Amino acid sequence: MPDKKLLDTIKREMLIEKGDKVLVAYSGGPDSSCLLHMLWTARDELGIELYTAHLNHRIRGIDAHKDALFAYKESKALGIPCFLYSEDVPALAQSQKLSVEEAAREVRYKILFDLKDKLGIDKIATAHNLDDQAETVLMRIMRGTGLSGLKGMDYKRPDGLIRPLMDIKRWEIEEYCQINNINVTIDKTNDEEEYTRNKIRLQLLPFIESGFAPNIKDLLSRMANTLREDSEYIDGIAKDLCAQLGQDHEGFAVRFELDKISMTPLPILKRIIKYSYARLLGSAEGLEAVHLDDTIKLIYNSKSDARINLPKGIIAEKKGYNFYVTSKSLEQEPVTFEYKIPPNGYVDVPELGIRITSRTMNKERCKLLSSGPNAKAFDREKLDGSLIVRTRRTGDKIRPLGLGGTKKLKDIFIDKKIQRELRDRIPVIADESKIIWVVGHDISEESKLTDETREVVRLTIKPI
């Protein structure tokens, strides 16, 4: 029986607690009418207090006004407070360049959560059912999705939204309404094939059912539930790691050390980016797979300073040895520094938050050590005197490895499209006569290792 399935779902998924105030999103159609009637019938058993909310989207003219009146009368007949709202969704969709479906969804959820705050509502119940879940999974597959998309809709969300009908099929809902003489309204736009979801429901699913898998809806729902368990496990790991690695930066950004975050497995790293985005905005809505892929490319890009724009004004930015997810561009104060690098020792550069370590060794031993953008070796005999790390100076030049001639640092930075305000934050390492390393960019031809090299000075740079 559908009503037993509902109670089993509520119990298994812990959707409702005794004493909860539950707001039902009530359109007057079969799904929401079934949900409202079932919750009203079980109200004493569940120990809940019910409310309804109805939105007139102004899409269907007089019919929409009739639906609003219907929702109010039916709620009143059950002794349930009903809140009516009206919004010109087509006009809103046009002004915000959204589809009508997207605009309607945004308005609907805004109204529901505003009411939740005003009335002290504990749970918002929507009438999404098993068929809706199958349609959602198919929609996401066609858009290109990962594990989090394939798991479909959740039974409950952290913000208090619940979906008690998710284990019940649409035909069961319609049959329940008929058997119990429940009055419903019919939204004719559900049969209009201009909407993507309607096309899936009216064309694609029947085609699959008739020619390939009669139980495709059950299969998709079962798959979503299985993947949800896997996704929740990975999400838990990612959330813990995000909390460990992500530091608040001046209240408008989340900061990560690049060497740590770049070692994170890709599925976890994508979730960390998503959670950082949600940390700034309250939700990850609008952040899609393409944005995550672009951010991953940014993190692994060889450029030490770069950024990309994410939806809703969020920026993913790499600066020096850190990666930021931020709600505004990071302003960098001009810096000037110069420090001597002691032989076989280290020096900290607090202006950049880095430590430079120097070690003298034979070339054969150096070959056994890992190299990379932050570890370079130089021929000891080709170095003149002491080494220093400093900011760039006007007229600075280097003889880049393999170039054959000298090149101004200014031209190097211009060619690599490094923002002007970031150039003073690139460490320059020099001996007493020349620049040997522009960190993250070029080393000097004049101090490179050759077959004749016997001893090397190996420099490594790490965050403090």
# chains A, B, ... in the order shown; residues from 1 in each chain; ligands from 1

call {"tool": "residues_around", "arguments": {"residues": "region 234-238 of chain A", "least_positions_apart": "2", "cutoff": "12 Å", "atoms": "only C-alpha atoms", "output": "VMD selection string"}}
result
chain A and resid 147 to 148 227 to 232 240 to 246 261 264 to 276

call {"tool": "select_by_dssp", "arguments": {"residues": "region 241-300 of chain A", "states": "helix (DSSP H, G or I)", "output": "short mmCIF file (atom, residue, chain, number, x, y, z; two decimals) with all heavy atoms, in the first residue's frame"}}
result
data_model
loop_
_atom_site.label_atom_id
_atom_site.label_comp_id
_atom_site.auth_asym_id
_atom_site.auth_seq_id
_atom_site.Cartn_x
_atom_site.Cartn_y
_atom_site.Cartn_z
N LEU A 241 38.45 16.30 4.85
CA LEU A 241 39.70 16.80 4.30
C LEU A 241 39.61 18.29 3.98
O LEU A 241 40.57 19.05 4.19
CB LEU A 241 40.06 16.02 3.03
CG LEU A 241 41.54 16.01 2.63
CD1 LEU A 241 42.40 15.51 3.79
CD2 LEU A 241 41.74 15.12 1.41
N CYS A 242 38.45 18.73 3.52
CA CYS A 242 38.25 20.15 3.24
C CYS A 242 38.37 20.96 4.52
O CYS A 242 38.96 22.04 4.53
CB CYS A 242 36.87 20.36 2.60
SG CYS A 242 36.58 22.05 2.03
N ALA A 243 37.82 20.43 5.61
CA ALA A 243 37.90 21.13 6.90
C ALA A 243 39.34 21.18 7.40
O ALA A 243 39.76 22.16 8.02
CB ALA A 243 37.01 20.44 7.92
N GLN A 244 40.12 20.12 7.12
CA GLN A 244 41.51 20.08 7.57
C GLN A 244 42.41 21.00 6.76
O GLN A 244 43.25 21.72 7.31
CB GLN A 244 42.05 18.64 7.46
CG GLN A 244 41.42 17.65 8.42
CD GLN A 244 41.89 16.23 8.13
OE1 GLN A 244 42.98 16.01 7.61
NE2 GLN A 244 41.06 15.26 8.45
N LEU A 245 42.23 21.00 5.43
CA LEU A 245 43.15 21.72 4.55
C LEU A 245 42.72 23.15 4.26
O LEU A 245 43.57 24.00 4.00
CB LEU A 245 43.30 20.96 3.22
CG LEU A 245 43.83 19.54 3.29
CD1 LEU A 245 43.91 18.94 1.89
CD2 LEU A 245 45.18 19.50 3.97
N LEU A 258 49.03 24.66 -2.07
CA LEU A 258 48.99 23.96 -3.35
C LEU A 258 49.64 22.59 -3.29
O LEU A 258 49.13 21.63 -3.89
CB LEU A 258 49.69 24.81 -4.43
CG LEU A 258 48.79 25.74 -5.23
CD1 LEU A 258 49.63 26.65 -6.11
CD2 LEU A 258 47.81 24.95 -6.09
N ASP A 259 50.77 22.46 -2.58
CA ASP A 259 51.45 21.18 -2.58
C ASP A 259 50.63 20.10 -1.89
O ASP A 259 50.74 18.91 -2.23
CB ASP A 259 52.84 21.29 -1.94
CG ASP A 259 52.77 21.69 -0.48
OD1 ASP A 259 51.76 22.29 -0.07
OD2 ASP A 259 53.74 21.41 0.26
N LYS A 260 49.77 20.49 -0.95
CA LYS A 260 48.92 19.51 -0.27
C LYS A 260 47.68 19.17 -1.08
O LYS A 260 47.33 18.01 -1.24
CB LYS A 260 48.52 20.03 1.11
CG LYS A 260 49.68 20.12 2.09
CD LYS A 260 49.22 20.61 3.45
CE LYS A 260 50.40 20.71 4.41
NZ LYS A 260 49.98 21.21 5.75
N ILE A 261 47.02 20.21 -1.60
CA ILE A 261 45.76 19.96 -2.31
C ILE A 261 46.01 19.27 -3.64
O ILE A 261 45.18 18.48 -4.11
CB ILE A 261 44.97 21.28 -2.49
CG1 ILE A 261 43.51 20.96 -2.82
CG2 ILE A 261 45.58 22.16 -3.56
CD1 ILE A 261 42.61 22.16 -2.81
N LEU A 266 41.65 12.89 -7.34
CA LEU A 266 40.78 13.75 -8.14
C LEU A 266 39.32 13.76 -7.67
O LEU A 266 38.72 14.83 -7.57
CB LEU A 266 40.86 13.35 -9.61
CG LEU A 266 40.37 14.37 -10.63
CD1 LEU A 266 41.10 15.68 -10.47
CD2 LEU A 266 40.55 13.84 -12.04
N PRO A 267 38.69 12.61 -7.38
CA PRO A 267 37.28 12.66 -6.94
C PRO A 267 37.10 13.46 -5.64
O PRO A 267 36.09 14.13 -5.45
CB PRO A 267 36.92 11.18 -6.72
CG PRO A 267 37.90 10.42 -7.55
CD PRO A 267 39.16 11.22 -7.49
N ILE A 268 38.10 13.36 -4.76
CA ILE A 268 38.04 14.11 -3.50
C ILE A 268 38.29 15.60 -3.77
O ILE A 268 37.62 16.47 -3.22
CB ILE A 268 39.08 13.58 -2.50
CG1 ILE A 268 38.88 12.08 -2.25
CG2 ILE A 268 39.01 14.36 -1.20
CD1 ILE A 268 37.58 11.73 -1.59
N LEU A 269 39.26 15.89 -4.64
CA LEU A 269 39.61 17.28 -4.93
C LEU A 269 38.43 18.04 -5.53
O LEU A 269 38.17 19.19 -5.18
CB LEU A 269 40.80 17.32 -5.89
CG LEU A 269 41.31 18.70 -6.31
CD1 LEU A 269 41.59 19.57 -5.11
CD2 LEU A 269 42.55 18.57 -7.18
N LYS A 270 37.69 17.40 -6.44
CA LYS A 270 36.53 18.06 -7.03
C LYS A 270 35.49 18.39 -5.97
O LYS A 270 34.87 19.46 -5.99
CB LYS A 270 35.91 17.16 -8.11
CG LYS A 270 36.73 17.09 -9.38
CD LYS A 270 36.01 16.29 -10.46
CE LYS A 270 36.80 16.31 -11.76
NZ LYS A 270 36.10 15.58 -12.84
N ARG A 271 35.30 17.49 -5.03
CA ARG A 271 34.34 17.75 -3.95
C ARG A 271 34.83 18.86 -3.02
O ARG A 271 34.03 19.65 -2.52
CB ARG A 271 34.07 16.46 -3.18
CG ARG A 271 33.16 15.48 -3.92
CD ARG A 271 33.17 14.11 -3.25
NE ARG A 271 32.11 13.26 -3.77
CZ ARG A 271 32.17 12.61 -4.92
NH1 ARG A 271 33.25 12.72 -5.66
NH2 ARG A 271 31.16 11.84 -5.32
N ILE A 272 36.13 18.91 -2.77
CA ILE A 272 36.69 19.97 -1.94
C ILE A 272 36.42 21.33 -2.57
O ILE A 272 36.05 22.29 -1.89
CB ILE A 272 38.20 19.74 -1.71
CG1 ILE A 272 38.41 18.58 -0.74
CG2 ILE A 272 38.87 21.01 -1.18
CD1 ILE A 272 39.86 18.20 -0.54
N ILE A 273 36.60 21.42 -3.89
CA ILE A 273 36.31 22.67 -4.60
C ILE A 273 34.83 23.02 -4.44
O ILE A 273 34.47 24.17 -4.17
CB ILE A 273 36.68 22.54 -6.09
CG1 ILE A 273 38.19 22.34 -6.24
CG2 ILE A 273 36.22 23.78 -6.87
CD1 ILE A 273 38.61 21.88 -7.62
N LYS A 274 33.97 22.01 -4.61
CA LYS A 274 32.53 22.25 -4.50
C LYS A 274 32.15 22.71 -3.09
O LYS A 274 31.36 23.65 -2.94
CB LYS A 274 31.77 20.96 -4.85
CG LYS A 274 30.26 21.12 -4.85
CD LYS A 274 29.56 19.82 -5.24
CE LYS A 274 29.63 18.81 -4.12
NZ LYS A 274 28.80 17.61 -4.39
N TYR A 275 32.71 22.08 -2.07
CA TYR A 275 32.37 22.46 -0.70
C TYR A 275 32.90 23.85 -0.36
O TYR A 275 32.28 24.59 0.41
CB TYR A 275 32.92 21.43 0.30
CG TYR A 275 32.31 20.06 0.15
CD1 TYR A 275 33.07 18.90 0.30
CD2 TYR A 275 30.96 19.92 -0.18
CE1 TYR A 275 32.51 17.65 0.15
CE2 TYR A 275 30.40 18.67 -0.34
CZ TYR A 275 31.19 17.54 -0.18
OH TYR A 275 30.62 16.30 -0.35
N SER A 276 34.05 24.21 -0.92
CA SER A 276 34.59 25.55 -0.69
C SER A 276 33.70 26.60 -1.33
O SER A 276 33.44 27.66 -0.76
CB SER A 276 36.01 25.66 -1.26
OG SER A 276 36.86 24.70 -0.67
N TYR A 277 33.22 26.29 -2.52
CA TYR A 277 32.28 27.17 -3.23
C TYR A 277 31.00 27.35 -2.41
O TYR A 277 30.52 28.46 -2.20
CB TYR A 277 31.98 26.53 -4.59
CG TYR A 277 31.04 27.29 -5.50
CD1 TYR A 277 31.53 28.17 -6.45
CD2 TYR A 277 29.66 27.07 -5.44
CE1 TYR A 277 30.68 28.84 -7.32
CE2 TYR A 277 28.81 27.74 -6.31
CZ TYR A 277 29.31 28.61 -7.24
OH TYR A 277 28.45 29.26 -8.09
N ALA A 278 30.48 26.22 -1.90
CA ALA A 278 29.26 26.27 -1.08
C ALA A 278 29.51 26.99 0.24
O ALA A 278 28.61 27.63 0.78
CB ALA A 278 28.75 24.85 -0.83
N ARG A 279 30.72 26.90 0.76
CA ARG A 279 31.07 27.57 2.03
C ARG A 279 30.92 29.09 1.89
O ARG A 279 30.56 29.78 2.85
CB ARG A 279 32.51 27.20 2.38
CG ARG A 279 32.99 27.64 3.76
CD ARG A 279 34.19 26.79 4.08
NE ARG A 279 35.13 27.43 4.97
CZ ARG A 279 36.29 26.89 5.34
NH1 ARG A 279 36.63 25.71 4.88
NH2 ARG A 279 37.10 27.53 6.16
N LEU A 280 31.18 29.60 0.69
CA LEU A 280 31.09 31.04 0.46
C LEU A 280 29.68 31.49 0.11
O LEU A 280 29.28 32.60 0.47
CB LEU A 280 32.05 31.44 -0.67
CG LEU A 280 33.53 31.19 -0.42
CD1 LEU A 280 34.34 31.53 -1.66
CD2 LEU A 280 34.04 31.99 0.77
N LEU A 281 28.92 30.64 -0.60
CA LEU A 281 27.60 31.04 -1.09
C LEU A 281 26.42 30.43 -0.34
O LEU A 281 25.29 30.87 -0.49
CB LEU A 281 27.46 30.67 -2.58
CG LEU A 281 28.30 31.48 -3.57
CD1 LEU A 281 28.05 30.99 -4.99
CD2 LEU A 281 27.99 32.97 -3.47
N ALA A 289 29.99 20.43 -13.77
CA ALA A 289 31.19 19.61 -14.01
C ALA A 289 32.25 20.37 -14.81
O ALA A 289 33.45 20.26 -14.53
CB ALA A 289 30.80 18.33 -14.74
N VAL A 290 31.82 21.16 -15.78
CA VAL A 290 32.78 21.91 -16.60
C VAL A 290 33.57 22.91 -15.76
O VAL A 290 34.77 23.13 -15.98
CB VAL A 290 32.06 22.62 -17.77
CG1 VAL A 290 31.08 23.67 -17.27
CG2 VAL A 290 33.07 23.24 -18.73
N HIS A 291 32.92 23.51 -14.75
CA HIS A 291 33.61 24.46 -13.89
C HIS A 291 34.64 23.74 -13.01
O HIS A 291 35.74 24.25 -12.77
CB HIS A 291 32.61 25.20 -13.00
CG HIS A 291 31.53 25.90 -13.77
ND1 HIS A 291 30.19 25.68 -13.55
CD2 HIS A 291 31.61 26.79 -14.80
CE1 HIS A 291 29.49 26.43 -14.38
NE2 HIS A 291 30.31 27.10 -15.15
N LEU A 292 34.27 22.56 -12.52
CA LEU A 292 35.21 21.78 -11.71
C LEU A 292 36.41 21.36 -12.55
O LEU A 292 37.56 21.42 -12.08
CB LEU A 292 34.50 20.56 -11.12
CG LEU A 292 33.39 20.85 -10.10
CD1 LEU A 292 32.68 19.56 -9.72
CD2 LEU A 292 33.96 21.52 -8.86
N ASP A 293 36.16 20.93 -13.79
CA ASP A 293 37.27 20.52 -14.66
C ASP A 293 38.21 21.69 -14.93
O ASP A 293 39.44 21.52 -14.92
CB ASP A 293 36.71 19.99 -15.99
CG ASP A 293 36.00 18.64 -15.83
OD1 ASP A 293 36.25 17.97 -14.82
OD2 ASP A 293 35.20 18.28 -16.71
N ASP A 294 37.66 22.87 -15.17
CA ASP A 294 38.49 24.05 -15.42
C ASP A 294 39.33 24.40 -14.19
O ASP A 294 40.49 24.82 -14.31
CB ASP A 294 37.62 25.25 -15.81
CG ASP A 294 37.03 25.12 -17.21
OD1 ASP A 294 37.53 24.28 -17.98
OD2 ASP A 294 36.08 25.86 -17.51
N THR A 295 38.74 24.24 -13.01
CA THR A 295 39.47 24.55 -11.77
C THR A 295 40.59 23.55 -11.54
O THR A 295 41.68 23.93 -11.09
CB THR A 295 38.50 24.55 -10.57
OG1 THR A 295 37.42 25.45 -10.84
CG2 THR A 295 39.20 25.01 -9.30
N ILE A 296 40.34 22.28 -11.85
CA ILE A 296 41.38 21.26 -11.73
C ILE A 296 42.56 21.61 -12.66
O ILE A 296 43.73 21.52 -12.27
CB ILE A 296 40.83 19.87 -12.08
CG1 ILE A 296 39.75 19.44 -11.06
CG2 ILE A 296 41.95 18.84 -12.12
CD1 ILE A 296 40.22 19.30 -9.65
N LYS A 297 42.26 22.02 -13.88
CA LYS A 297 43.32 22.41 -14.83
C LYS A 297 44.13 23.59 -14.27
O LYS A 297 45.35 23.65 -14.43
CB LYS A 297 42.70 22.79 -16.17
CG LYS A 297 42.13 21.62 -16.95
CD LYS A 297 41.46 22.09 -18.23
CE LYS A 297 40.79 20.94 -18.96
NZ LYS A 297 40.05 21.40 -20.17
N LEU A 298 43.43 24.52 -13.63
CA LEU A 298 44.11 25.67 -13.02
C LEU A 298 45.09 25.22 -11.95
O LEU A 298 46.23 25.68 -11.89
CB LEU A 298 43.08 26.63 -12.43
CG LEU A 298 43.63 27.80 -11.62
CD1 LEU A 298 44.26 28.83 -12.54
CD2 LEU A 298 42.53 28.45 -10.79
N ILE A 299 44.65 24.30 -11.10
CA ILE A 299 45.50 23.83 -9.99
C ILE A 299 46.76 23.16 -10.51
O ILE A 299 47.87 23.37 -9.99
CB ILE A 299 44.70 22.86 -9.09
CG1 ILE A 299 43.62 23.64 -8.31
CG2 ILE A 299 45.63 22.13 -8.11
CD1 ILE A 299 42.67 22.77 -7.52
N TYR A 300 46.62 22.36 -11.57
CA TYR A 300 47.77 21.62 -12.09
C TYR A 300 48.55 22.38 -13.16
O TYR A 300 49.58 21.91 -13.62
CB TYR A 300 47.31 20.27 -12.65
CG TYR A 300 46.84 19.32 -11.58
CD1 TYR A 300 45.54 18.85 -11.57
CD2 TYR A 300 47.70 18.91 -10.56
CE1 TYR A 300 45.09 17.98 -10.58
CE2 TYR A 300 47.27 18.06 -9.57
CZ TYR A 300 45.97 17.59 -9.58
OH TYR A 300 45.54 16.73 -8.60
#

call {"tool": "select_by_dssp", "arguments": {"residues": "region 62-262 of chain A", "states": "strand (DSSP E)", "output": "list in words"}}
result
Cys82, Phe83, Leu84, Tyr85, Ser86, Lys123, Ile124, Ala125, Leu161, Ile162, Gln247, Asp248, His249, Ala253, Val254, Arg255, Phe256 and Glu257 of chain A

call {"tool": "write_last_selection", "arguments": {"atoms": "C-alpha atoms", "output": "PDB file, in the first residue's frame"}}
result
ATOM      1  CA  CYS A  82      -2.515  27.543   3.605  1.00  0.00           C
ATOM      2  CA  PHE A  83      -0.216  30.274   2.241  1.00  0.00           C
ATOM      3  CA  LEU A  84      -0.843  31.494  -1.313  1.00  0.00           C
ATOM      4  CA  TYR A  85       1.738  33.262  -3.472  1.00  0.00           C
ATOM      5  CA  SER A  86       1.706  34.636  -7.009  1.00  0.00           C
ATOM      6  CA  LYS A 123      10.653  20.236   7.379  1.00  0.00           C
ATOM      7  CA  ILE A 124       9.553  21.155   3.854  1.00  0.00           C
ATOM      8  CA  ALA A 125       7.879  18.186   2.137  1.00  0.00           C
ATOM      9  CA  LEU A 161      13.716  19.574   2.590  1.00  0.00           C
ATOM     10  CA  ILE A 162      12.305  16.020   2.517  1.00  0.00           C
ATOM     11  CA  GLN A 247      41.709  27.802   5.954  1.00  0.00           C
ATOM     12  CA  ASP A 248      39.472  30.862   6.190  1.00  0.00           C
ATOM     13  CA  HIS A 249      41.150  33.822   4.511  1.00  0.00           C
ATOM     14  CA  ALA A 253      38.037  33.171   0.736  1.00  0.00           C
ATOM     15  CA  VAL A 254      39.089  29.607   1.470  1.00  0.00           C
ATOM     16  CA  ARG A 255      42.857  29.055   1.202  1.00  0.00           C
ATOM     17  CA  PHE A 256      44.708  25.802   0.500  1.00  0.00           C
ATOM     18  CA  GLU A 257      48.415  25.033   0.251  1.00  0.00           C
TER      19      GLU A 257
END

call {"tool": "residues_around", "arguments": {"residues": "region 421-431 of chain A", "least_positions_apart": "6", "cutoff": "9 Å", "atoms": "only C-alpha atoms", "output": "list of chain:residue names"}}
result
A:Ser304, A:Asp305, A:Lys319, A:Gly320, A:Glu331, A:Gln332, A:Glu333, A:Pro334, A:Val335, A:Thr336, A:Glu351, A:Leu352, A:Leu383, A:Asp384, A:Gly385, A:Ser386, A:Leu387, A:Ile388, A:Val389, A:Arg390, A:Thr391, A:Arg392, A:Arg393, A:Lys410, A:Phe413, A:Trp437, A:Val438, A:Val439, A:Gly440

call {"tool": "write_last_selection", "arguments": {"atoms": "C-alpha atoms", "output": "JSON list (two decimals), in the first residue's frame"}}
result
[["chain", "number", "residue", "atom", "x", "y", "z"],
["A", 304, "SER", "CA", 52.32, 30.06, -10.43],
["A", 305, "ASP", "CA", 49.74, 32.87, -10.60],
["A", 319, "LYS", "CA", 48.85, 32.83, -5.99],
["A", 320, "GLY", "CA", 52.37, 31.70, -5.21],
["A", 331, "GLU", "CA", 44.50, 42.27, -3.57],
["A", 332, "GLN", "CA", 48.23, 42.00, -3.14],
["A", 333, "GLU", "CA", 50.16, 44.71, -1.33],
["A", 334, "PRO", "CA", 53.48, 45.62, -2.99],
["A", 335, "VAL", "CA", 56.33, 43.78, -1.32],
["A", 336, "THR", "CA", 60.08, 44.32, -1.24],
["A", 351, "GLU", "CA", 56.45, 38.21, 2.88],
["A", 352, "LEU", "CA", 55.66, 35.17, 0.72],
["A", 383, "LEU", "CA", 78.17, 30.53, -8.82],
["A", 384, "ASP", "CA", 79.78, 33.83, -7.82],
["A", 385, "GLY", "CA", 79.86, 34.34, -4.07],
["A", 386, "SER", "CA", 76.80, 34.27, -1.86],
["A", 387, "LEU", "CA", 73.22, 33.61, -2.93],
["A", 388, "ILE", "CA", 70.31, 35.92, -2.15],
["A", 389, "VAL", "CA", 66.55, 35.79, -2.68],
["A", 390, "ARG", "CA", 64.91, 39.11, -3.48],
["A", 391, "THR", "CA", 62.16, 40.89, -5.36],
["A", 392, "ARG", "CA", 62.72, 41.88, -8.98],
["A", 393, "ARG", "CA", 64.50, 45.12, -9.82],
["A", 410, "LYS", "CA", 59.76, 42.30, -17.51],
["A", 413, "PHE", "CA", 56.40, 38.23, -17.29],
["A", 437, "TRP", "CA", 66.55, 31.37, -10.98],
["A", 438, "VAL", "CA", 63.25, 33.16, -11.48],
["A", 439, "VAL", "CA", 61.25, 30.80, -9.27],
["A", 440, "GLY", "CA", 58.45, 29.01, -11.08]]

call {"tool": "residues_around", "arguments": {"residues": "Lys110 (chain A)", "least_positions_apart": "3", "cutoff": "12 Å", "atoms": "only C-alpha atoms", "output": "PyMOL selection string"}}
result
chain A and resi 25+53+55+85+87+103-107+113-117+124

call {"tool": "residues_around", "arguments": {"residues": "Phe70 (chain A)", "least_positions_apart": "2", "cutoff": "12 Å", "atoms": "only C-alpha atoms", "output": "list in words"}}
result
Tyr26, Ser27, Gly28, Gly29, Ser33, His54, Leu55, Asn56, Asp63, Ala64, His65, Lys66, Asp67, Ala68, Tyr72, Lys73, Glu74, Ser75, Lys76, Ala77, Cys82, Leu84, Asn183, Val184, Thr185 and Ile186 of chain A

call {"tool": "write_last_selection", "arguments": {"atoms": "C-alpha atoms", "output": "PDB file, in the first residue's frame"}}
result
ATOM      1  CA  TYR A  26       0.952  21.910  -2.495  1.00  0.00           C
ATOM      2  CA  SER A  27       0.115  22.405  -6.178  1.00  0.00           C
ATOM      3  CA  GLY A  28      -3.242  20.608  -6.003  1.00  0.00           C
ATOM      4  CA  GLY A  29      -2.111  17.950  -8.490  1.00  0.00           C
ATOM      5  CA  SER A  33      -2.581  15.977  -2.980  1.00  0.00           C
ATOM      6  CA  HIS A  54       0.855  27.157  -3.107  1.00  0.00           C
ATOM      7  CA  LEU A  55       2.515  29.184  -5.873  1.00  0.00           C
ATOM      8  CA  ASN A  56       0.584  30.615  -8.820  1.00  0.00           C
ATOM      9  CA  ASP A  63      -6.752  28.036 -14.625  1.00  0.00           C
ATOM     10  CA  ALA A  64      -3.836  28.990 -12.419  1.00  0.00           C
ATOM     11  CA  HIS A  65      -6.069  31.265 -10.310  1.00  0.00           C
ATOM     12  CA  LYS A  66      -8.581  28.427  -9.973  1.00  0.00           C
ATOM     13  CA  ASP A  67      -5.788  26.100  -8.788  1.00  0.00           C
ATOM     14  CA  ALA A  68      -4.809  28.593  -6.080  1.00  0.00           C
ATOM     15  CA  TYR A  72      -6.791  27.081  -0.260  1.00  0.00           C
ATOM     16  CA  LYS A  73     -10.220  25.405  -0.004  1.00  0.00           C
ATOM     17  CA  GLU A  74      -8.815  21.863   0.255  1.00  0.00           C
ATOM     18  CA  SER A  75      -6.320  22.913   2.922  1.00  0.00           C
ATOM     19  CA  LYS A  76      -9.049  24.702   4.878  1.00  0.00           C
ATOM     20  CA  ALA A  77     -11.285  21.620   4.688  1.00  0.00           C
ATOM     21  CA  CYS A  82      -2.515  27.543   3.605  1.00  0.00           C
ATOM     22  CA  LEU A  84      -0.843  31.494  -1.313  1.00  0.00           C
ATOM     23  CA  ASN A 183      -9.915  15.961  -5.189  1.00  0.00           C
ATOM     24  CA  VAL A 184      -7.087  16.978  -7.511  1.00  0.00           C
ATOM     25  CA  THR A 185      -6.387  19.513 -10.244  1.00  0.00           C
ATOM     26  CA  ILE A 186      -4.683  18.673 -13.528  1.00  0.00           C
TER      27      ILE A 186
END

call {"tool": "atom_distance", "arguments": {"atom1": "CA of Lys448 (chain A)", "atom2": "CA of Ile354 (chain A)"}}
result
23.8 Å

call {"tool": "atom_distance", "arguments": {"atom1": "CA of Ile464 (chain A)", "atom2": "CA of Pro400 (chain A)"}}
result
28.1 Å

call {"tool": "closest_residue", "arguments": {"among": "A:Ile308, A:Leu401, A:Val456, A:Ala377", "to": "His441 (chain A)", "atoms": "only C-alpha atoms"}}
result
A:Leu401

call {"tool": "decode", "arguments": {"residues": "region 221-237 of chain A", "atoms": "C-alpha atoms", "output": "tab-separated table (two decimals), in the first residue's frame"}}
result
chain	number	residue	atom	x	y	z
A	221	SER	CA	15.72	4.35	-8.79
A	222	ARG	CA	17.65	1.35	-7.45
A	223	MET	CA	20.84	2.54	-9.14
A	224	ALA	CA	20.39	6.01	-7.65
A	225	ASN	CA	20.00	4.57	-4.14
A	226	THR	CA	23.10	2.38	-4.53
A	227	LEU	CA	25.22	5.23	-5.86
A	228	ARG	CA	23.94	7.51	-3.11
A	229	GLU	CA	25.60	5.25	-0.52
A	230	ASP	CA	28.91	5.38	-2.41
A	231	SER	CA	28.63	9.12	-2.90
A	232	GLU	CA	27.88	9.76	0.76
A	233	TYR	CA	30.97	7.79	1.78
A	234	ILE	CA	33.24	9.78	-0.56
A	235	ASP	CA	31.51	13.02	0.47
A	236	GLY	CA	32.30	12.31	4.11
A	237	ILE	CA	36.00	11.88	3.36
